[in-house]
Amino acid sequence: MGSPAASVRCAIVRDPELTMRPARATDVRGIRELVAPYVDARAIVPKPVVAYYEGVQEFLVVERAGRIVGCGALHVMWEDVAEVRTLAVDADEKGQGIGSSLLAALLERARDLSVRRVFCLTFEVGFFAAHGFAEIDGDPVTPDVYAEMLQSYDEGVAEFLDLDRVKPNTLGNHRMLLTFPA
């Protein structure tokens, strides 16, 4: 992907007006505007503004003419597990491969970090299944790792562990996991 600050053309999207790049702190407003309809529809779990700033370095954005039309983040949760978070595409831009391009770039980031498994919590089962994810049931980590992860304050970790305290906010979502070949 080049240097972290470099802009890159979307690998899958064949539209020269679209540019994918790492997010900047000044993008948080645009990211929040993009995800607001998803939050309102309960497709993305709401989080405070400060959480977007704290995690901005995890985000990639796709722009068209300076406007953010897609975003997604990769959050490392453990030595071999990361989560795809806040993957969203502007409603007017759907169907053009922006989501697939973002997911491919986030998965490449996971590989670069030597993460073997990538988790997501989603209503979009078909989309993620088409990219190799499968639904998971039960505990996705060993008991000792589970005990360590319980110490995290991160809501995404709680979702990954399927803790009862997050279930009211995640009703209907599916826990999915992609494991890279060894």
# chains A, B, ... in the order shown; residues from 1 in each chain; ligands from 1

$ residues_around --residues "range 25-35 of chain A" --least-positions-apart "4" --cutoff "8 Å" --atoms "only C-alpha atoms" --output "VMD selection string"
chain A and resid 39 44 52 to 53 56 67 to 71 86 88 to 90

$ atom_distance --atom1 "CA of Ala182 in chain A" --atom2 "CA of Leu121 in chain A"
23.7 Å

$ closest_residue --among "A:Val49, A:Ala41, A:Met176, A:Val76" --to "Arg111 in chain A" --atoms "only C-alpha atoms"
A:Val76

$ residues_around --residues "range 173-175 of chain A" --least-positions-apart "3" --cutoff "8 Å" --atoms "only C-alpha atoms" --output "list in words"
Ala43, Phe119, Cys120, Leu121, Thr122, Phe123, Val125, Glu135, Ile136, Asp137, Phe160 and Thr170 of chain A

$ write_last_selection --atoms "N, CA and C atoms" --output "JSON list (two decimals), in the first residue's frame"
[["chain", "number", "residue", "atom", "x", "y", "z"],
["A", 43, "ALA", "N", -27.57, -0.39, 12.17],
["A", 43, "ALA", "CA", -26.68, -1.30, 11.43],
["A", 43, "ALA", "C", -25.24, -1.13, 11.89],
["A", 119, "PHE", "N", -12.37, -10.53, 12.35],
["A", 119, "PHE", "CA", -13.73, -10.62, 12.86],
["A", 119, "PHE", "C", -14.56, -9.45, 12.35],
["A", 120, "CYS", "N", -15.86, -9.66, 12.22],
["A", 120, "CYS", "CA", -16.79, -8.54, 12.01],
["A", 120, "CYS", "C", -18.12, -8.88, 12.65],
["A", 121, "LEU", "N", -18.83, -7.86, 13.04],
["A", 121, "LEU", "CA", -20.20, -7.96, 13.56],
["A", 121, "LEU", "C", -21.06, -7.24, 12.54],
["A", 122, "THR", "N", -21.99, -7.95, 11.91],
["A", 122, "THR", "CA", -22.65, -7.37, 10.75],
["A", 122, "THR", "C", -24.06, -7.88, 10.52],
["A", 123, "PHE", "N", -24.85, -7.08, 9.82],
["A", 123, "PHE", "CA", -26.12, -7.51, 9.26],
["A", 123, "PHE", "C", -25.90, -7.98, 7.82],
["A", 125, "VAL", "N", -24.46, -10.26, 6.04],
["A", 125, "VAL", "CA", -23.88, -11.60, 6.02],
["A", 125, "VAL", "C", -23.45, -11.99, 4.60],
["A", 135, "GLU", "N", -19.93, -17.38, 9.61],
["A", 135, "GLU", "CA", -20.51, -17.12, 10.92],
["A", 135, "GLU", "C", -19.84, -17.98, 11.97],
["A", 136, "ILE", "N", -19.70, -17.40, 13.17],
["A", 136, "ILE", "CA", -19.09, -18.13, 14.27],
["A", 136, "ILE", "C", -20.09, -18.28, 15.40],
["A", 137, "ASP", "N", -19.91, -19.33, 16.16],
["A", 137, "ASP", "CA", -20.75, -19.60, 17.32],
["A", 137, "ASP", "C", -19.83, -20.04, 18.44],
["A", 160, "PHE", "N", -17.06, -9.38, 20.15],
["A", 160, "PHE", "CA", -16.34, -10.56, 19.68],
["A", 160, "PHE", "C", -16.53, -11.72, 20.65],
["A", 170, "THR", "N", -26.67, -5.14, 19.90],
["A", 170, "THR", "CA", -26.22, -5.86, 18.71],
["A", 170, "THR", "C", -27.24, -6.87, 18.21]]

$ atom_distance --atom1 "CA of Val61 in chain A" --atom2 "CA of Arg21 in chain A"
5.6 Å

$ atom_distance --atom1 "CA of Ala130 in chain A" --atom2 "CA of Gly55 in chain A"
26.9 Å

$ closest_residue --among "A:Val84, A:Ala129, A:Met20, A:Leu178" --to "Leu106 in chain A" --atoms "only C-alpha atoms"
A:Val84

$ closest_residue --among "A:Ala82, A:Ala105, A:Arg64, A:Lys94" --to "Thr179 in chain A" --atoms "only C-alpha atoms"
A:Ala82
